[in-house]
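Structure data follow from run35.txt (compact mmCIF, C-alpha atoms):
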# COMPACT_ATOMS: atom_id res chain seq x y z
CA MET A 1 93.00 65.84 62.06
CA MET A 2 94.80 65.93 65.36
CA ALA A 3 98.54 65.63 64.84
CA THR A 4 100.37 63.63 67.46
CA THR A 5 104.10 63.49 67.75
CA ASN A 6 106.68 62.78 70.40
CA THR A 7 108.91 65.57 69.13
CA PRO A 8 106.93 68.79 68.83
CA LYS A 9 107.65 71.16 65.98
CA ALA A 10 109.64 74.26 66.81
CA LEU A 11 107.46 77.35 66.55
CA SER A 12 108.43 80.44 64.61
CA LEU A 13 106.73 83.80 64.16
CA ASN A 14 104.95 82.52 61.09
CA ASP A 15 101.48 82.74 59.60
CA ASP A 16 100.34 79.74 61.68
CA LEU A 17 100.95 81.65 64.86
CA ARG A 18 99.45 84.91 63.62
CA GLN A 19 96.30 83.23 62.33
CA VAL A 20 95.58 81.23 65.47
CA ILE A 21 96.07 84.30 67.64
CA ILE A 22 93.72 86.40 65.52
CA ALA A 23 91.11 83.64 65.36
CA GLY A 24 91.28 83.07 69.11
CA ILE A 25 91.00 86.75 70.03
CA GLN A 26 88.07 87.26 67.66
CA GLU A 27 86.25 84.19 68.97
CA LEU A 28 86.79 85.18 72.58
CA PHE A 29 85.61 88.76 72.17
CA SER A 30 82.61 87.96 70.02
CA THR A 31 81.46 85.05 72.21
CA THR A 32 82.09 86.42 75.68
CA PHE A 33 81.72 90.19 75.24
CA ALA A 34 79.67 90.44 72.02
CA ILE A 35 82.35 92.72 70.64
CA GLU A 36 83.64 92.40 67.10
CA VAL A 37 87.37 93.04 66.98
CA LYS A 38 89.41 93.57 63.84
CA SER A 39 93.07 92.82 63.55
CA GLY A 40 95.31 95.59 62.28
CA LYS A 41 98.58 95.44 60.42
CA HIS A 42 100.98 93.12 62.18
CA PHE A 43 104.73 93.49 62.29
CA ILE A 44 107.80 91.75 63.64
CA SER A 45 110.19 93.69 65.81
CA PRO A 46 113.64 92.75 67.16
CA ASP A 47 113.24 94.85 70.31
CA TYR A 48 109.56 95.60 70.92
CA ALA A 49 108.35 97.12 74.17
CA GLY A 50 104.59 97.16 74.68
CA HIS A 51 102.77 99.99 76.41
CA ALA A 52 99.55 99.49 78.31
CA ASP A 53 97.60 100.49 81.40
CA VAL A 54 96.90 96.86 82.22
CA SER A 55 98.45 93.80 80.64
CA GLY A 56 98.31 90.05 80.93
CA SER A 57 101.22 87.77 80.09
CA ILE A 58 101.38 84.01 79.84
CA GLY A 59 104.19 81.58 79.11
CA MET A 60 104.03 79.50 75.95
CA VAL A 61 105.77 76.27 76.76
CA GLN A 62 106.54 73.15 74.77
CA ASP A 63 109.58 70.90 74.65
CA LYS A 64 111.48 72.48 71.78
CA SER A 65 110.65 76.14 72.19
CA GLU A 66 109.23 78.58 74.63
CA GLY A 67 107.96 82.09 74.53
CA ILE A 68 105.60 84.55 76.07
CA MET A 69 102.34 86.07 74.91
CA SER A 70 101.13 89.42 76.26
CA ILE A 71 97.94 91.39 75.81
CA GLY A 72 98.00 95.08 76.65
CA PHE A 73 94.90 97.24 77.10
CA PRO A 74 94.36 100.97 77.48
CA LYS A 75 92.36 101.80 80.59
CA LYS A 76 89.33 103.24 78.81
CA LEU A 77 88.79 100.18 76.62
CA ILE A 78 89.15 97.55 79.33
CA LEU A 79 86.85 99.52 81.66
CA GLU A 80 84.21 99.53 78.91
CA ILE A 81 84.60 95.79 78.28
CA MET A 82 84.44 94.83 81.94
CA GLY A 83 81.65 97.29 82.66
CA LYS A 84 79.56 95.53 80.05
CA MET A 85 80.43 92.14 81.51
CA TYR A 86 79.64 93.03 85.13
CA HIS A 87 76.70 95.34 84.30
CA LYS A 88 78.23 98.23 86.21
CA GLU A 89 80.47 101.18 85.60
CA PHE A 90 84.13 100.87 86.48
CA THR A 91 86.29 103.96 86.87
CA GLU A 92 89.47 102.31 88.10
CA LEU A 93 91.57 99.31 87.23
CA ASN A 94 90.47 97.41 90.31
CA LYS A 95 90.81 93.73 91.16
CA SER A 96 87.73 92.69 89.15
CA VAL A 97 89.01 94.43 86.02
CA CYS A 98 92.54 93.06 86.38
CA ASP A 99 91.13 89.61 87.04
CA GLY A 100 89.19 89.91 83.79
CA VAL A 101 92.41 90.68 81.94
CA GLY A 102 93.88 87.53 83.47
CA GLU A 103 90.99 85.44 82.16
CA ILE A 104 91.19 87.09 78.73
CA THR A 105 94.89 86.21 78.62
CA ASN A 106 94.22 82.67 79.81
CA ILE A 107 91.50 81.95 77.25
CA SER A 108 93.36 83.69 74.41
CA TYR A 109 96.39 81.49 74.99
CA ALA A 110 94.22 78.39 75.37
CA LEU A 111 92.57 79.04 72.00
CA ALA A 112 95.91 79.79 70.31
CA ARG A 113 97.38 76.68 71.91
CA GLN A 114 94.53 74.57 70.61
CA GLY A 115 95.03 75.92 67.08
CA LEU A 116 98.77 75.37 67.23
CA ASN A 117 98.52 71.87 68.65
CA ARG A 118 96.18 70.92 65.80
CA LEU A 119 99.07 71.86 63.51
CA GLY A 120 101.45 69.50 65.26
CA TYR A 121 102.80 71.63 68.07
CA SER A 122 102.59 70.53 71.67
CA PHE A 123 102.03 73.55 73.88
CA ARG A 124 100.99 73.13 77.49
CA MET A 125 98.72 75.30 79.62
CA THR A 126 100.36 77.73 82.02
CA VAL A 127 99.03 80.38 84.40
CA PRO A 128 98.86 84.08 83.40
CA GLN A 129 100.18 87.08 85.29
CA VAL A 130 98.62 90.56 85.23
CA VAL A 131 100.44 93.88 85.60
CA VAL A 132 98.64 97.17 86.17
CA GLY A 133 100.12 100.67 85.95
CA SER A 134 99.42 103.71 83.84
CA LYS A 135 101.25 103.42 80.51
CA HIS A 136 103.65 100.79 81.82
CA GLU A 137 106.16 99.20 79.50
CA ILE A 138 106.19 95.48 78.86
CA HIS A 139 109.52 93.94 77.90
CA HIS A 140 109.77 90.28 77.07
CA MET A 141 113.03 88.94 78.39
CA HIS A 142 113.21 86.11 75.88
CA HIS A 143 115.96 86.37 73.26
CA GLY A 144 114.02 86.52 70.06
CA GLU A 145 111.91 88.65 67.77
CA THR A 146 108.41 89.74 68.67
CA LEU A 147 105.26 89.36 66.60
CA VAL A 148 103.00 92.34 67.26
CA ILE A 149 99.31 92.32 66.30
CA PRO A 150 97.14 95.37 67.00
CA PHE A 151 93.40 94.84 67.41
CA HIS A 152 90.67 97.43 66.99
CA ALA A 153 87.54 97.38 69.17
CA ASN A 154 85.06 100.04 70.29
CA ASN A 155 87.03 102.75 68.44
CA ASP A 156 90.08 101.92 70.49
CA GLU A 157 93.05 99.61 70.18
CA PHE A 158 94.71 96.87 72.18
CA VAL A 159 97.73 94.84 71.25
CA VAL A 160 98.79 91.20 71.41
CA PHE A 161 102.46 90.37 71.11
CA VAL A 162 104.44 87.18 71.24
CA THR A 163 108.16 86.70 71.67
CA LEU A 164 109.75 83.33 71.04
CA GLN A 165 113.01 82.20 72.52
CA ASP A 166 115.74 81.17 70.08
CA ILE A 167 115.61 77.43 69.65
CA ARG A 168 118.63 75.57 70.92
CA GLU A 169 118.94 71.88 70.11
CA MET J 170 69.46 68.35 87.76
CA ILE J 171 70.12 71.98 88.60
CA ASP J 172 67.24 73.88 90.14
CA ALA J 173 66.34 76.20 93.00
CA GLN J 174 67.13 73.48 95.54
CA SER J 175 70.65 72.86 94.24
CA LYS J 176 73.64 73.63 96.42
CA VAL J 177 76.40 74.66 94.03
CA LEU J 178 80.13 75.20 94.32
CA VAL J 179 81.72 77.34 91.61
CA VAL J 180 85.48 76.90 91.34
CA ASP J 181 87.62 79.11 89.13
CA ASP J 182 90.69 81.22 89.79
CA PHE J 183 89.13 84.05 87.77
CA GLU J 184 86.30 86.14 89.19
CA MET J 185 84.93 86.92 85.73
CA THR J 186 84.07 83.28 85.05
CA ARG J 187 82.65 82.75 88.53
CA PHE J 188 80.46 85.82 87.98
CA MET J 189 79.18 84.49 84.65
CA LEU J 190 78.38 81.07 86.13
CA ILE J 191 76.55 82.59 89.09
CA GLU J 192 74.58 84.81 86.74
CA ALA J 193 73.59 81.79 84.66
CA LEU J 194 72.65 79.81 87.78
CA GLY J 195 70.40 82.70 88.78
CA HIS J 196 68.34 81.94 85.69
CA PHE J 197 67.52 78.57 87.33
CA LYS J 198 66.73 80.27 90.66
CA VAL J 199 69.80 78.75 92.27
CA SER J 200 70.65 80.86 95.29
CA ASP J 201 72.86 78.57 97.41
CA VAL J 202 76.16 79.17 95.64
CA THR J 203 79.64 79.07 97.18
CA GLN J 204 82.71 80.30 95.34
CA ALA J 205 86.27 78.98 95.53
CA ARG J 206 89.26 80.21 93.59
CA SER J 207 91.53 77.20 93.83
CA GLY J 208 91.33 73.44 93.99
CA ARG J 209 92.54 73.36 97.57
CA ARG J 210 89.92 75.86 98.74
CA ALA J 211 87.28 73.92 96.85
CA TRP J 212 88.31 70.68 98.56
CA SER J 213 88.05 72.37 101.95
CA ALA J 214 84.58 73.66 101.06
CA LEU J 215 83.47 70.23 99.86
CA GLU J 216 84.67 68.50 103.03
CA ALA J 217 83.15 71.17 105.28
CA ALA J 218 79.80 70.83 103.51
CA VAL J 219 79.79 67.06 103.98
CA SER J 220 80.71 67.45 107.64
CA SER J 221 77.87 69.88 108.16
CA GLY J 222 75.40 67.41 106.68
CA LYS J 223 74.60 69.72 103.76
CA PRO J 224 76.79 68.49 100.91
CA PHE J 225 77.03 70.26 97.57
CA SER J 226 74.99 68.74 94.77
CA VAL J 227 76.92 70.27 91.86
CA VAL J 228 80.41 71.63 91.28
CA PHE J 229 81.40 73.75 88.30
CA LEU J 230 85.13 73.19 88.16
CA ASP J 231 87.83 75.00 86.21
CA TRP J 232 90.70 72.85 85.01
CA ASN J 233 93.72 75.15 84.83
CA MET J 234 94.32 76.64 88.29
CA PRO J 235 97.34 77.16 90.48
CA ASP J 236 97.93 74.88 93.48
CA MET J 237 95.49 71.97 92.92
CA ASN J 238 94.11 71.95 89.37
CA GLY J 239 90.56 70.95 88.51
CA TYR J 240 91.45 67.57 87.08
CA ASP J 241 93.30 66.58 90.24
CA LEU J 242 90.31 67.68 92.31
CA LEU J 243 87.98 65.69 90.06
CA THR J 244 89.99 62.49 90.52
CA LYS J 245 90.30 63.13 94.26
CA CYS J 246 86.52 63.44 94.55
CA ARG J 247 85.87 60.35 92.47
CA ALA J 248 88.19 58.33 94.70
CA ASP J 249 86.25 59.40 97.78
CA GLU J 250 83.00 57.64 98.66
CA ARG J 251 81.65 60.80 100.30
CA PHE J 252 81.37 62.47 96.89
CA LYS J 253 79.95 59.62 94.82
CA ASP J 254 76.70 61.51 94.16
CA LEU J 255 78.36 64.86 93.46
CA GLN J 256 77.84 66.19 89.93
CA ILE J 257 81.10 67.66 88.66
CA VAL J 258 80.98 69.81 85.53
CA MET J 259 84.35 70.80 84.11
CA VAL J 260 84.43 74.41 82.87
CA THR J 261 87.60 74.98 80.97
CA ALA J 262 89.46 76.55 78.10
CA GLN J 263 91.05 73.14 77.51
CA ARG J 264 88.64 72.00 74.86
CA GLU J 265 90.69 69.52 72.89
CA ARG J 266 88.89 66.23 72.45
CA GLN J 267 91.48 64.28 74.43
CA ASP J 268 90.97 66.62 77.40
CA THR J 269 87.20 66.19 77.24
CA LEU J 270 87.54 62.42 77.09
CA LYS J 271 90.09 62.42 79.90
CA ALA J 272 87.73 64.35 82.16
CA LEU J 273 84.68 62.27 81.30
CA LYS J 274 86.67 59.08 81.81
CA ALA J 275 87.75 60.37 85.22
CA GLY J 276 84.12 60.83 86.18
CA ALA J 277 83.12 64.34 85.12
CA THR J 278 79.36 64.68 84.73
CA GLY J 279 79.66 67.33 82.02
CA TYR J 280 82.10 69.54 80.19
CA ILE J 281 81.67 73.20 79.27
CA SER J 282 84.29 74.82 77.04
CA LYS J 283 85.43 78.43 77.30
CA PRO J 284 84.85 80.90 75.82
CA PHE J 285 81.13 81.32 76.43
CA SER J 286 78.50 83.93 77.10
CA VAL J 287 76.03 83.82 79.98
CA ASP J 288 73.35 82.81 77.46
CA ASP J 289 75.56 79.93 76.32
CA LEU J 290 75.86 78.79 79.92
CA ILE J 291 72.11 78.94 80.45
CA GLN J 292 71.62 76.76 77.39
CA ARG J 293 74.25 74.27 78.52
CA ILE J 294 72.72 73.98 81.98
CA ALA J 295 69.27 73.56 80.46
CA THR J 296 70.68 70.77 78.29
CA MET J 297 72.16 69.11 81.36
CA ASN J 298 68.72 69.24 82.93
CA SER J 299 67.34 67.40 79.89
CA PRO J 300 69.92 64.67 79.37
CA THR J 301 68.01 63.03 76.52
CA LYS J 302 68.74 66.10 74.39
CA GLU J 303 72.50 65.97 75.04

Entire entry expressed as structure tokens:
Amino acid sequence: MMATTNTPKALSLNDDLRQVIIAGIQELFSTTFAIEVKSGKHFISPDYAGHADVSGSIGMVQDKSEGIMSIGFPKKLILEIMGKMYHKEFTELNKSVCDGVGEITNISYALARQGLNRLGYSFRMTVPQVVVGSKHEIHHMHHGETLVIPFHANNDEFVVFVTLQDIRE
Amino acid sequence: MIDAQSKVLVVDDFEMTRFMLIEALGHFKVSDVTQARSGRRAWSALEAAVSSGKPFSVVFLDWNMPDMNGYDLLTKCRADERFKDLQIVMVTAQRERQDTLKALKAGATGYISKPFSVDDLIQRIATMNSPTKE
């Protein structure tokens, strides 16, 4: 049942969040890319910095809390995924590949948002940003802990991580 | 109806989704396809096509885009007599029921939810071509 409320629940790094992220990522990859991904062991870190060759980040915004969700890919894996999508071989992280990471980030957040809003949250859609650079670090500037979920696909690994800002009434 | 004679505008800020839609349209032998990556660019393309006397017949329109979003473009089109015959199919990751209803109420012809595969798109377009099955 769709929960409706004028005062959205504050979100924490709980099982609700982890489960909707995993479900969304798995649905996206199996539907769009015909790739089965498995989630690895998650953890919560007070000061996590992600490492990736290309990453997408998107704000998670509702009235009582905000955060950021990032997805970081190694070059080899994302080139394989996008090569399959576009039916051609990519050797570099070009605009088409980076654009694909943007759409992956966009849809992943949309699916997580839908799952969360069914549970009584009230997240809004925002627009993702993509950063490219060999083994770049991703730091979330929000003041809060980070939920980190590794995913395994095509004998490689990518990571999704979410940091939530401390809630202030 | 989407067929080889259709003139189609595909609007999405992400190339990947535009690529998938164009690939699916190829299955229906649609070759007259224009791409736009924002609502504002799409509006310009729509107006230019009308002015040239060769209006678009179908628009596949993303919802969540920077500058003018797809919903705003949908309502703008529906308020404009020049686009009364234009089929507008929302293609979006916003798949909550209230969003679907909002778009249909505003005059969307159809609604396709992300994520999808090219095969999914082909099936959805085929269904749109056979409205009794929808």

**Prompt:** Nearest to Lys198 in chain J among J:Gln256, J:Ser175, J:Thr296, J:Thr269, with distances taken over only C-alpha atoms: which residue is it?
**Reply:**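 The closest residue to Lys198 in chain J is J:Ser175.
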
**Request:** Might you pull out every residue within 9 Å of range 31-48 of chain A, with only C-alpha atoms counted and same-chain residues fewer than 3 positions away left off, and present them as an NGL selection string?
**Result:** (:A and (13 or 18 or 22 or 25-28 or 81-82 or 84-85 or 138-140 or 144-154 or 161)) or (:J and (283-287 or 289))

**For CA of Asn238 in chain J and CA of Asp181 in chain J, the interatomic separation in Å (one decimal)** =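 Distance between the two atoms: 9.7 Å.
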
**Request:** Identify which of the residues J:Ile191, J:Ile257, J:Ala214, J:Val219 lies closest to chain A, counting only C-alpha atoms when measuring atom-to-atom distances.
**Result:**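 The answer is J:Ile191, which sits nearest to chain A.
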
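If only C-alpha atoms are the atoms counted, then among A:Val132, A:Ala110, A:Val159, A:Leu77 the closest residue to Glu265 in chain J is A:Ala110.
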
**Item:** Residue hits in chain J, query chain A, radius 12 Å, all atoms listed in the file, as an NGL selection string
**Value:** :J and (181-189 or 191-192 or 206 or 231-236 or 238 or 260-268 or 282-290)

**Request:** Tell me, as a list in words, which residues lie within 10 Å of Gly195 in chain J, counting all atoms listed in the file; anything in the same chain fewer than 6 positions away does not count.
**Result:** Asp172, Ala173, Met189, Asp201, Val202 and Ile291 of chain J

**Message:** Between CA of Leu178 in chain J and CA of His87 in chain A, what is the distance in Å, rounded to a tenth?
**Reply:** 22.8 Å

**Asked** Between CA of Ala275 in chain J and CA of Thr244 in chain J, what is the spacing in Å?
**Response**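 Atom-to-atom, CA of Thr244 in chain J and CA of Ala275 in chain J are spaced 6.1 Å apart.
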
**Item:** Selection: 9 Å around Asp16 in chain A, only C-alpha atoms, excl. self and same-chain fewer than 5 positions, as JSON, numbers by chain
**Value:** {"A": [11, 21, 115, 116, 119]}

Residue neighbourhood Leu243 in chain J, 10 Å, all atoms listed in the file, exclusion window fewer than 4 positions, as a PDB file with C-alpha atoms, keeping the file's coordinate frame:
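And here is the file that came out, out29.pdb:
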ATOM      1  CA  GLY J 208      91.330  73.440  93.990  1.00  0.00           C
ATOM      2  CA  TRP J 212      88.310  70.680  98.560  1.00  0.00           C
ATOM      3  CA  VAL J 228      80.410  71.630  91.280  1.00  0.00           C
ATOM      4  CA  LEU J 230      85.130  73.190  88.160  1.00  0.00           C
ATOM      5  CA  TRP J 232      90.700  72.850  85.010  1.00  0.00           C
ATOM      6  CA  ASN J 238      94.110  71.950  89.370  1.00  0.00           C
ATOM      7  CA  GLY J 239      90.560  70.950  88.510  1.00  0.00           C
ATOM      8  CA  ARG J 247      85.870  60.350  92.470  1.00  0.00           C
ATOM      9  CA  ALA J 248      88.190  58.330  94.700  1.00  0.00           C
ATOM     10  CA  ILE J 257      81.100  67.660  88.660  1.00  0.00           C
ATOM     11  CA  VAL J 258      80.980  69.810  85.530  1.00  0.00           C
ATOM     12  CA  MET J 259      84.350  70.800  84.110  1.00  0.00           C
ATOM     13  CA  ALA J 272      87.730  64.350  82.160  1.00  0.00           C
ATOM     14  CA  LEU J 273      84.680  62.270  81.300  1.00  0.00           C
ATOM     15  CA  ALA J 275      87.750  60.370  85.220  1.00  0.00           C
ATOM     16  CA  GLY J 276      84.120  60.830  86.180  1.00  0.00           C
ATOM     17  CA  ALA J 277      83.120  64.340  85.120  1.00  0.00           C
TER      18      ALA J 277
END

**Message:** List the spatial neighbours of Ser134 in chain A as a PyMOL selection string - criterion: any atom at most 9 Å away, only C-alpha atoms, same-chain residues fewer than 2 positions off excluded.
**Reply:** chain A and resi 51-54+74-75+132+136

**Proximity to Val199 in chain J - best of J:Gln174, J:Ser226, J:Ser221, J:Gln292, all atoms listed in the file** =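 The shortest atom-to-atom distance to Val199 in chain J comes from J:Gln174.
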
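Counting all atoms listed in the file and comparing A:Tyr121, A:Ser70, A:Asn155, A:Glu92, the residue that lies closest to Gly133 in chain A is A:Glu92.
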
**Message:** Counting only C-alpha atoms, I want the residues whose atoms come within 7 Å of (67.2, 66.2, 86.6) in the file frame, returned as a PyMOL selection string.
**Reply:** chain J and resi 170-171+298-299

**Message:** Considering only C-alpha atoms, can you say which of J:Val227, J:Asp241, J:Leu215, J:Asp249 comes closest to Met297 in chain J?
**Reply:** J:Val227

Can you sort out range 33-55 of chain A so it carries N, CA, C and O atoms, written as a CSV table (one decimal), keeping the file's coordinate frame?
chain,number,residue,atom,x,y,z
A,33,PHE,N,82.0,88.8,75.0
A,33,PHE,CA,81.7,90.2,75.2
A,33,PHE,C,80.8,90.8,74.2
A,33,PHE,O,80.4,91.9,74.2
A,34,ALA,N,80.5,90.0,73.2
A,34,ALA,CA,79.7,90.4,72.0
A,34,ALA,C,80.3,91.7,71.4
A,34,ALA,O,79.6,92.6,71.0
A,35,ILE,N,81.6,91.6,71.3
A,35,ILE,CA,82.4,92.7,70.6
A,35,ILE,C,83.1,92.2,69.4
A,35,ILE,O,83.9,91.2,69.5
A,36,GLU,N,82.9,92.8,68.3
A,36,GLU,CA,83.6,92.4,67.1
A,36,GLU,C,85.0,93.1,67.1
A,36,GLU,O,85.0,94.4,67.1
A,37,VAL,N,86.1,92.4,67.1
A,37,VAL,CA,87.4,93.0,67.0
A,37,VAL,C,88.0,92.7,65.6
A,37,VAL,O,87.8,91.7,65.0
A,38,LYS,N,88.7,93.7,65.1
A,38,LYS,CA,89.4,93.6,63.8
A,38,LYS,C,90.9,93.7,64.1
A,38,LYS,O,91.4,94.5,64.8
A,39,SER,N,91.6,92.8,63.4
A,39,SER,CA,93.1,92.8,63.6
A,39,SER,C,93.6,93.9,62.6
A,39,SER,O,93.1,94.1,61.5
A,40,GLY,N,94.6,94.6,63.1
A,40,GLY,CA,95.3,95.6,62.3
A,40,GLY,C,96.5,95.0,61.6
A,40,GLY,O,96.7,93.8,61.5
A,41,LYS,N,97.4,95.9,61.1
A,41,LYS,CA,98.6,95.4,60.4
A,41,LYS,C,99.6,94.9,61.4
A,41,LYS,O,100.1,95.7,62.3
A,42,HIS,N,100.0,93.7,61.3
A,42,HIS,CA,101.0,93.1,62.2
A,42,HIS,C,102.4,93.5,61.7
A,42,HIS,O,102.6,93.8,60.6
A,43,PHE,N,103.3,93.3,62.6
A,43,PHE,CA,104.7,93.5,62.3
A,43,PHE,C,105.6,92.7,63.2
A,43,PHE,O,105.1,92.2,64.3
A,44,ILE,N,106.8,92.5,62.8
A,44,ILE,CA,107.8,91.8,63.6
A,44,ILE,C,108.9,92.7,64.0
A,44,ILE,O,109.5,93.4,63.2
A,45,SER,N,109.2,92.7,65.3
A,45,SER,CA,110.2,93.7,65.8
A,45,SER,C,111.3,92.9,66.6
A,45,SER,O,111.0,92.0,67.3
A,46,PRO,N,112.6,93.4,66.4
A,46,PRO,CA,113.6,92.8,67.2
A,46,PRO,C,113.7,93.2,68.6
A,46,PRO,O,114.3,92.5,69.4
A,47,ASP,N,113.1,94.3,68.9
A,47,ASP,CA,113.2,94.8,70.3
A,47,ASP,C,112.0,95.6,70.7
A,47,ASP,O,112.0,96.8,71.1
A,48,TYR,N,110.8,94.9,70.6
A,48,TYR,CA,109.6,95.6,70.9
A,48,TYR,C,109.3,95.8,72.4
A,48,TYR,O,109.6,94.9,73.2
A,49,ALA,N,108.8,96.9,72.8
A,49,ALA,CA,108.4,97.1,74.2
A,49,ALA,C,106.9,97.6,74.1
A,49,ALA,O,106.6,98.6,73.4
A,50,GLY,N,106.0,96.8,74.7
A,50,GLY,CA,104.6,97.2,74.7
A,50,GLY,C,104.3,98.2,75.7
A,50,GLY,O,105.0,98.4,76.7
A,51,HIS,N,103.2,99.0,75.5
A,51,HIS,CA,102.8,100.0,76.4
A,51,HIS,C,101.3,99.8,76.7
A,51,HIS,O,100.5,99.6,75.8
A,52,ALA,N,100.9,99.8,78.0
A,52,ALA,CA,99.6,99.5,78.3
A,52,ALA,C,99.3,100.0,79.7
A,52,ALA,O,100.2,100.3,80.5
A,53,ASP,N,98.0,100.1,80.0
A,53,ASP,CA,97.6,100.5,81.4
A,53,ASP,C,97.4,99.2,82.2
A,53,ASP,O,97.5,99.3,83.5
A,54,VAL,N,97.0,98.2,81.6
A,54,VAL,CA,96.9,96.9,82.2
A,54,VAL,C,97.2,95.8,81.2
A,54,VAL,O,96.8,95.9,80.0
A,55,SER,N,98.0,94.8,81.6
A,55,SER,CA,98.4,93.8,80.6
A,55,SER,C,98.4,92.4,81.3
A,55,SER,O,98.6,92.3,82.5
